[in-house]
Amino acid sequence: MSSTEPGATALHVADLDVSYRVRGKDRQVLRGVTLEVARGESYGLVGESGCGKSTAALAIVRYLPRNGAVSAGSISVAGRDVLDLRGQKLREYRARTVSMVYQNPGAALNPSIRVGSQVAEAFTVLGVPGGDATDRARDALDRVQIADPGSVMRRYPHQLSGGMQQRALIAMALAKNPELLILDEPTTGLDATVEAEVLDLVSQLQAELHTSVLFISHNLGVISKMCSRVGVLYAGRLVEEGPVGTILRDPRHPYTVGLLRCIPRGGVRKDHGRLDTIPGFLPSLGAEITGCVFADRCALADDRCRAEEPRLDKITPVHASRCWHHDRAATLPRAEIADLELPAVDRAGAPLVELAQLSKVFKQRGHEVHALTEVSAAIWPGETLGLVGESGSGKTTLARTLLGIVPPTAGTALLEGGELPTRYQKRSREELRALQIVFQNPDSALNRRHSVRRILLRSLKKLAGVGGSVAETRMHDLVERVRLTERTLTQKPVQLSGGLKQRVAIARAFAGDPKLVVCDEPTSALDVSVQAAILNLLVELQAEKRVAYLFISHDLGVVRYISDRIAVLYLGRLQELGPADVVFEGPHHPYTEALLSAVPTVDGGGRDRIRLDGDIPSAASPPSGCVFHTRCPRKLGAVCEETEPPLVEVEAGHHMRCHIPLEELRRLQRAESQPMAPTA
Amino acid sequence: MLGPYATEEAVAAYNHEHGTDRPAVVQYVDWLRGIVRGDLGNSLAPPEPPVWDVIEPALVNSMKLAVFAFLIVVPFGILGGVFAGLRVGRPTDRGITVVGLSLAVVPEFVTGLVLILVFSIWLGWLPVTAQWEPGAGALTQVRHLALPAMALAIVLFGYIARITRAGVVEALDADYTRTAYLKGLPRNTVISRHVLRNALMPTIAVIATQVGYLVGGLVAIEYLFNYQGLGLMVLQAAQQKDFTLLTAGVLVVGVVYLVVTLIADIAFALLNPRIRFQAAE
């Protein structure tokens, strides 16, 4: 990659090596990374966790952890070498030239200082006097489209929603009109609708200010929306680089190919086929690698790949891949080929679980918070009901009510026709083992002091009521089912990777042959390749055991892949319920429509985003009439504000709560957008 | 009270006179009534003065010692902790931690004894006992209190420094500190504006929990320095089976503890808007 004259590029990183000193040894995290971001360009850096993306960002802003150091290479921003900056010069560089916004905005703001003075600080550091700085801070908040900036200035960070907090941080980052803005997973953890708003804001400001952006994300959908060029990082090596469209359509590195295949997209469903996965694990931190960094996990790798590392070769003037076989990358064999016969769901028979008019009201400081309002739904044996909605919509409360962790205020849950006691303490062993859960975070769900063997044996004893040699046999069977190795049994959860821990959690849930497993964001904390493997496992278990799932996820691609039917919740009310394809293809409820359009997909384009104004209203004082009317882009008028529409079956198996007739919705939605055509 | 050779009649008369022949519940209700009226009862030890007259001077003495000890230990403890936290892992940090912990494991009366040896007996700078002559001036009182206060400060130093250090280390690692540095703020501003404010919250909570100990639990130090504080008074009340004085003393210590905890909570809320606004909402 030849560098043009200094000053023409916003960022130039050349042969950058970064290592962390861990237990007395230097472990290399970045291996000769070279990349360039032109002025006004938006460059995306993707890769799974542990690939070195954030390390690269921290090296650029000169904020590596104490044990990290740049051991070779150079970084220059706006033509100026940044690696030898010290003291005042370094502060000047941070104050005027480079900005960074990162994940988890709640932690990035100081909890005990008012938002206004935190934003104003970004101006005072530039030498703006106090009063002016306050005025400029107000303008900055205004520019990031915060309504009523005056009142936001006086508030503390915890009084703002996640989206507002991230806007305030973006306002701070852009205060100096930086030469380079680094965004490190800025929307990870935010709701899809909020994510979409924040991303729109960034694009818009970038276009206005011509800021150069380095955008770091594990989410290829977000990258394809935000960036023009992308670099793929694996084990600290840049393995492929090129224009976003080219990389997504014609990837030339097996890792990129694998990453793209892991993502459930283009309307693919579990009955269409399995997801591809990337076998094996990322090399450990600082491992000595002689050949290609990806050789160990690559189905195309041969002796040459293991002995000799390929260079980052140009395939076209703008597209480069670090692979000996880049011409054959697209032919990478699939990791999982065995197709499954999924049992047909018989909805004529009796449902497994029925929720009848479930309501839950929490009392909070004298307020009544309506977390769930008269939710009715049924789940049949062997099917997956996907549950979607923004945070605060009542997804988790619904799951907890079903499991008996939270007793409902009204309504009942039935298991195979029999009424379930409202609290799990009162439920029989049969009922307990029939309903199990897999949590988002296996770390806190598994006892960290116990070995995997002990965790599983205990679950077998508690749920299946077996001990001794029977339990032993069943445990080995479980371990095999969830594709764990026997070696895992002696280990403790802390010694396992996130994906393996989740497998243990799944094995635990299946110890008592459950009839329904609640999966609460089971793959949200995992990398896409691991996520694909876990989703495959869940589908396999379903095919084998005819278990039903109540699957909660904010990732609509994942929900669509695994679900037979989808339920959409908003402010504790069921807004739409129907077969997955119908709910996704439309015509759908205006809220579902907005949710779907908010998700940036790898396939990109297709539909314009439907804006939802403001945040989800408080469940303590839900709007009158249709609860969605305050944000609904298709609101009819007074009728929506006054009367709550009933949940009616608009077509076979498809229920919707909306005043607009189905045919009218079909016409409106077809006129404005092209539904996503399945590409798989 | 009447000694081992008292006649049964004398005991009955005594019990009747003091109301101790009534059922326990009645006595308890009577005691509660008295407290509501501000009457803690009379001491059982002759000449049976109202217990408040015994407690008040002891409480004042205890408060003087506690305040003095706090005035020494809080600034030093916080300073030491901040210093260690900002240089985590380096010799300064190791030194402060090791010294603080070593001092904290030595019982305060042993530390007190060493201080007496050095400052009173060898150097002759300060008095051996803490109790001053009645009517002594403020300066004399301070001279008398210096040694026991120092002994207490030395014991508490390690504790306060450690909590402060942990708070500082956590705040330095926090994302908001990174935000502040990446704004280009100078190190001193980052630390004084962004780090310390959040770092000191656990310290305040911990200091408050030490007050009960300082006001009512200083038996050994008060004994060693022959100082008439609450701790010693409660001990003596227990030895003499002076139950009215004992219960009243314990009650007063409890009240002091409550009041101090309340003050700490208010200070906490002033520093931490999350708590302040939760209460207001």
# chains A, B, ... in the order shown; residues from 1 in each chain; ligands from 1

call {"tool": "interface_residues", "arguments": {"of": "chain B", "to": "chain A", "cutoff": "7 Å", "atoms": "only C-alpha atoms", "output": "PyMOL selection string"}}
result
chain B and resi 175-176+179+182-186+194+271-274

call {"tool": "select_by_dssp", "arguments": {"residues": "region 75-111 of chain B", "states": "helix (DSSP H, G or I)", "output": "ChimeraX atom specification"}}
result
/B:75-86,91-105,108-111

call {"tool": "write_last_selection", "arguments": {"atoms": "C-alpha atoms", "output": "PDB file, in the first residue's frame"}}
result
ATOM      1  CA  PRO B  75      -6.836  13.615  55.508  1.00  0.00           C
ATOM      2  CA  PHE B  76      -3.851  11.306  55.856  1.00  0.00           C
ATOM      3  CA  GLY B  77      -5.781   8.187  54.982  1.00  0.00           C
ATOM      4  CA  ILE B  78      -7.327   9.746  51.894  1.00  0.00           C
ATOM      5  CA  LEU B  79      -4.076  11.317  50.856  1.00  0.00           C
ATOM      6  CA  GLY B  80      -2.230   8.038  51.282  1.00  0.00           C
ATOM      7  CA  GLY B  81      -4.902   6.114  49.416  1.00  0.00           C
ATOM      8  CA  VAL B  82      -5.034   8.569  46.528  1.00  0.00           C
ATOM      9  CA  PHE B  83      -1.272   8.606  46.336  1.00  0.00           C
ATOM     10  CA  ALA B  84      -1.123   4.809  46.256  1.00  0.00           C
ATOM     11  CA  GLY B  85      -4.008   4.553  43.779  1.00  0.00           C
ATOM     12  CA  LEU B  86      -2.374   6.948  41.336  1.00  0.00           C
ATOM     13  CA  PRO B  91       7.011   1.235  45.040  1.00  0.00           C
ATOM     14  CA  THR B  92       4.998   4.152  46.542  1.00  0.00           C
ATOM     15  CA  ASP B  93       1.828   2.083  46.325  1.00  0.00           C
ATOM     16  CA  ARG B  94       3.467  -1.026  47.743  1.00  0.00           C
ATOM     17  CA  GLY B  95       5.013   0.989  50.557  1.00  0.00           C
ATOM     18  CA  ILE B  96       1.784   2.690  51.599  1.00  0.00           C
ATOM     19  CA  THR B  97      -0.166  -0.546  51.434  1.00  0.00           C
ATOM     20  CA  VAL B  98       2.362  -2.563  53.429  1.00  0.00           C
ATOM     21  CA  VAL B  99       2.834   0.121  56.087  1.00  0.00           C
ATOM     22  CA  GLY B 100      -0.912   0.746  56.360  1.00  0.00           C
ATOM     23  CA  LEU B 101      -1.730  -2.934  56.745  1.00  0.00           C
ATOM     24  CA  SER B 102       1.075  -3.549  59.227  1.00  0.00           C
ATOM     25  CA  LEU B 103      -0.146  -0.696  61.411  1.00  0.00           C
ATOM     26  CA  ALA B 104      -3.721  -1.865  61.162  1.00  0.00           C
ATOM     27  CA  VAL B 105      -3.041  -5.356  62.533  1.00  0.00           C
ATOM     28  CA  GLU B 108      -4.614   0.090  69.222  1.00  0.00           C
ATOM     29  CA  PHE B 109      -3.563  -0.293  72.877  1.00  0.00           C
ATOM     30  CA  VAL B 110      -0.216  -1.730  71.803  1.00  0.00           C
ATOM     31  CA  THR B 111       0.280   1.193  69.444  1.00  0.00           C
TER      32      THR B 111
END

call {"tool": "closest_residue", "arguments": {"among": "B:Gly158, B:Gly135, B:Gly249, B:Gly112", "to": "Tyr223 (chain B)", "atoms": "only C-alpha atoms"}}
result
B:Gly112

call {"tool": "residues_around", "arguments": {"residues": "Gly394 (chain A)", "least_positions_apart": "2", "cutoff": "10 Å", "atoms": "only C-alpha atoms", "output": "count of residues only"}}
result
23

call {"tool": "residues_around", "arguments": {"residues": "region 234-240 of chain B", "least_positions_apart": "2", "cutoff": "10 Å", "atoms": "only C-alpha atoms", "output": "list in words"}}
result
Met1, Ser43, Leu44, Ala45, Ile55, Ala58, Gly216, Gly217, Val219, Tyr223, Gly229, Leu230, Gly231, Leu232, Asp242, Phe243, Thr244, Leu245, Leu246, Thr247, Ala248, Gly249, Val250 and Val253 of chain B

call {"tool": "write_last_selection", "arguments": {"atoms": "N, CA and C atoms", "output": "compact mmCIF listing (two decimals), in the first residue's frame"}}
result
# COMPACT_ATOMS: atom_id res chain seq x y z
N MET B 1 -26.32 -5.21 94.31
CA MET B 1 -26.20 -3.87 94.89
C MET B 1 -26.12 -3.93 96.40
N SER B 43 -29.22 5.95 87.70
CA SER B 43 -28.20 4.92 87.84
C SER B 43 -28.50 4.09 89.08
N LEU B 44 -28.10 2.82 89.05
CA LEU B 44 -28.35 1.96 90.21
C LEU B 44 -27.24 2.11 91.25
N ALA B 45 -26.13 2.70 90.81
CA ALA B 45 -25.02 2.85 91.74
C ALA B 45 -25.29 4.07 92.63
N ILE B 55 -23.71 10.05 81.73
CA ILE B 55 -23.38 9.83 80.32
C ILE B 55 -22.85 11.08 79.65
N ALA B 58 -19.17 11.78 79.64
CA ALA B 58 -18.46 10.71 78.94
C ALA B 58 -18.65 10.84 77.43
N GLY B 216 -18.11 4.55 70.80
CA GLY B 216 -18.54 3.69 71.90
C GLY B 216 -17.69 2.47 72.15
N GLY B 217 -16.74 2.22 71.26
CA GLY B 217 -16.05 0.93 71.36
C GLY B 217 -14.60 1.02 71.80
N VAL B 219 -12.84 0.81 74.42
CA VAL B 219 -12.57 0.40 75.79
C VAL B 219 -11.07 0.39 76.10
N TYR B 223 -9.08 2.88 78.60
CA TYR B 223 -8.54 2.24 79.81
C TYR B 223 -7.05 2.55 79.95
N GLY B 229 -14.28 8.07 78.80
CA GLY B 229 -15.15 8.13 77.62
C GLY B 229 -16.30 7.16 77.75
N LEU B 230 -17.11 7.08 76.71
CA LEU B 230 -18.30 6.23 76.75
C LEU B 230 -17.96 4.75 76.86
N GLY B 231 -16.91 4.34 76.14
CA GLY B 231 -16.53 2.93 76.14
C GLY B 231 -16.22 2.45 77.53
N LEU B 232 -15.39 3.20 78.20
CA LEU B 232 -14.99 2.84 79.55
C LEU B 232 -16.20 2.88 80.48
N ASP B 242 -24.82 -2.17 86.66
CA ASP B 242 -25.66 -0.97 86.68
C ASP B 242 -26.45 -0.95 85.38
N PHE B 243 -27.57 -1.69 85.38
CA PHE B 243 -28.26 -1.95 84.12
C PHE B 243 -28.86 -0.70 83.49
N THR B 244 -29.35 0.21 84.29
CA THR B 244 -29.93 1.43 83.73
C THR B 244 -28.86 2.20 82.96
N LEU B 245 -27.70 2.32 83.57
CA LEU B 245 -26.61 3.04 82.91
C LEU B 245 -26.15 2.30 81.66
N LEU B 246 -26.09 0.98 81.77
CA LEU B 246 -25.63 0.16 80.66
C LEU B 246 -26.56 0.33 79.44
N THR B 247 -27.87 0.14 79.67
CA THR B 247 -28.80 0.27 78.53
C THR B 247 -28.77 1.67 77.96
N ALA B 248 -28.74 2.66 78.83
CA ALA B 248 -28.73 4.04 78.34
C ALA B 248 -27.46 4.31 77.53
N GLY B 249 -26.32 3.80 78.04
CA GLY B 249 -25.06 4.01 77.33
C GLY B 249 -25.09 3.40 75.95
N VAL B 250 -25.58 2.14 75.87
CA VAL B 250 -25.65 1.46 74.58
C VAL B 250 -26.60 2.22 73.64
N VAL B 253 -24.88 5.28 72.23
CA VAL B 253 -23.93 4.91 71.17
C VAL B 253 -24.70 4.62 69.87

call {"tool": "select_by_dssp", "arguments": {"residues": "region 75-179 of chain A", "states": "strand (DSSP E or B)", "output": "ChimeraX atom specification"}}
result
/A:75-77,80-81,98-102

call {"tool": "residues_around", "arguments": {"residues": "Phe268 (chain B)", "least_positions_apart": "6", "cutoff": "12 Å", "atoms": "only C-alpha atoms", "output": "PyMOL selection string"}}
result
(chain A and resi 112) or (chain B and resi 197-208+261-262+274-276)

call {"tool": "write_last_selection", "arguments": {"atoms": "N, CA and C atoms", "output": "short mmCIF file (atom, residue, chain, number, x, y, z; two decimals), in the first residue's frame"}}
result
data_model
loop_
_atom_site.label_atom_id
_atom_site.label_comp_id
_atom_site.auth_asym_id
_atom_site.auth_seq_id
_atom_site.Cartn_x
_atom_site.Cartn_y
_atom_site.Cartn_z
N SER A 112 -21.17 11.67 37.98
CA SER A 112 -21.47 12.69 38.98
C SER A 112 -21.30 14.12 38.47
N ARG B 197 -13.80 12.56 42.67
CA ARG B 197 -15.18 12.65 43.06
C ARG B 197 -15.86 11.29 43.13
N ASN B 198 -15.61 10.48 42.13
CA ASN B 198 -16.22 9.15 42.14
C ASN B 198 -15.45 8.18 43.02
N ALA B 199 -14.14 8.44 43.14
CA ALA B 199 -13.30 7.50 43.88
C ALA B 199 -13.58 7.55 45.37
N LEU B 200 -14.01 8.70 45.88
CA LEU B 200 -14.13 8.86 47.33
C LEU B 200 -15.44 8.34 47.91
N MET B 201 -16.36 7.93 47.03
CA MET B 201 -17.66 7.50 47.55
C MET B 201 -17.55 6.31 48.51
N PRO B 202 -16.83 5.26 48.14
CA PRO B 202 -16.73 4.15 49.10
C PRO B 202 -16.04 4.58 50.40
N THR B 203 -15.10 5.51 50.31
CA THR B 203 -14.39 5.94 51.51
C THR B 203 -15.35 6.57 52.52
N ILE B 204 -16.26 7.39 52.01
CA ILE B 204 -17.20 8.05 52.92
C ILE B 204 -18.03 7.02 53.65
N ALA B 205 -18.50 6.01 52.92
CA ALA B 205 -19.32 4.98 53.55
C ALA B 205 -18.53 4.27 54.64
N VAL B 206 -17.27 4.01 54.36
CA VAL B 206 -16.45 3.28 55.32
C VAL B 206 -16.14 4.12 56.56
N ILE B 207 -15.86 5.39 56.34
CA ILE B 207 -15.58 6.27 57.48
C ILE B 207 -16.77 6.28 58.43
N ALA B 208 -17.96 6.34 57.86
CA ALA B 208 -19.15 6.38 58.69
C ALA B 208 -19.27 5.14 59.57
N THR B 261 -24.35 8.00 60.48
CA THR B 261 -24.68 7.31 59.22
C THR B 261 -25.56 8.20 58.35
N LEU B 262 -26.49 8.89 59.00
CA LEU B 262 -27.36 9.80 58.26
C LEU B 262 -26.54 10.90 57.59
N ARG B 274 -26.94 10.07 41.37
CA ARG B 274 -27.85 8.96 41.13
C ARG B 274 -28.73 8.73 42.35
N ILE B 275 -28.13 8.85 43.54
CA ILE B 275 -28.89 8.64 44.77
C ILE B 275 -29.79 9.84 45.03
N ARG B 276 -29.24 11.03 44.81
CA ARG B 276 -30.00 12.24 45.09
C ARG B 276 -31.31 12.25 44.30
#

call {"tool": "residues_around", "arguments": {"residues": "Ile437 (chain A)", "least_positions_apart": "5", "cutoff": "12 Å", "atoms": "only C-alpha atoms", "output": "PyMOL selection string"}}
result
chain A and resi 396+399-400+402-405+432+442+445+502+505-512+514-522+548-552

call {"tool": "residues_around", "arguments": {"residues": "Ala153 (chain B)", "least_positions_apart": "3", "cutoff": "8 Å", "atoms": "only C-alpha atoms", "output": "PDB file with C-alpha atoms, in the first residue's frame"}}
result
ATOM      1  CA  ALA B  69      -8.721  11.128  65.704  1.00  0.00           C
ATOM      2  CA  PHE B  70     -10.770  11.742  62.571  1.00  0.00           C
ATOM      3  CA  ILE B  72      -5.803  13.276  61.872  1.00  0.00           C
ATOM      4  CA  VAL B  73      -6.704  10.096  60.045  1.00  0.00           C
ATOM      5  CA  ALA B 149      -5.915  10.152  68.918  1.00  0.00           C
ATOM      6  CA  MET B 150      -2.675   9.268  67.182  1.00  0.00           C
ATOM      7  CA  LEU B 156      -7.513   3.363  60.997  1.00  0.00           C
ATOM      8  CA  PHE B 157      -5.041   4.764  58.499  1.00  0.00           C
TER       9      PHE B 157
END

call {"tool": "atom_distance", "arguments": {"atom1": "CA of Ser359 (chain A)", "atom2": "CA of Gly418 (chain A)"}}
result
18.8 Å

call {"tool": "closest_atom_pairs", "arguments": {"of": "region 518-587 of chain A", "to": "region 216-222 of chain A", "cutoff": "12 Å", "atoms": "only C-alpha atoms", "output": "JSON lines"}}
result
{"residue": "A:Ser524", "atom": "CA", "partner": "A:Asn219", "partner_atom": "CA", "distance": 11.8}
{"residue": "A:Ala525", "atom": "CA", "partner": "A:His218", "partner_atom": "CA", "distance": 11.5}
{"residue": "A:Leu526", "atom": "CA", "partner": "A:His218", "partner_atom": "CA", "distance": 10.4}
{"residue": "A:Asp527", "atom": "CA", "partner": "A:His218", "partner_atom": "CA", "distance": 7.8}
{"residue": "A:Val528", "atom": "CA", "partner": "A:His218", "partner_atom": "CA", "distance": 8.2}
{"residue": "A:Ser529", "atom": "CA", "partner": "A:His218", "partner_atom": "CA", "distance": 10.9}
{"residue": "A:Asp555", "atom": "CA", "partner": "A:Asn219", "partner_atom": "CA", "distance": 11.1}
{"residue": "A:Gly557", "atom": "CA", "partner": "A:Gly221", "partner_atom": "CA", "distance": 10.7}

call {"tool": "atom_distance", "arguments": {"atom1": "CA of Asn42 (chain B)", "atom2": "CA of His18 (chain B)"}}
result
9.7 Å
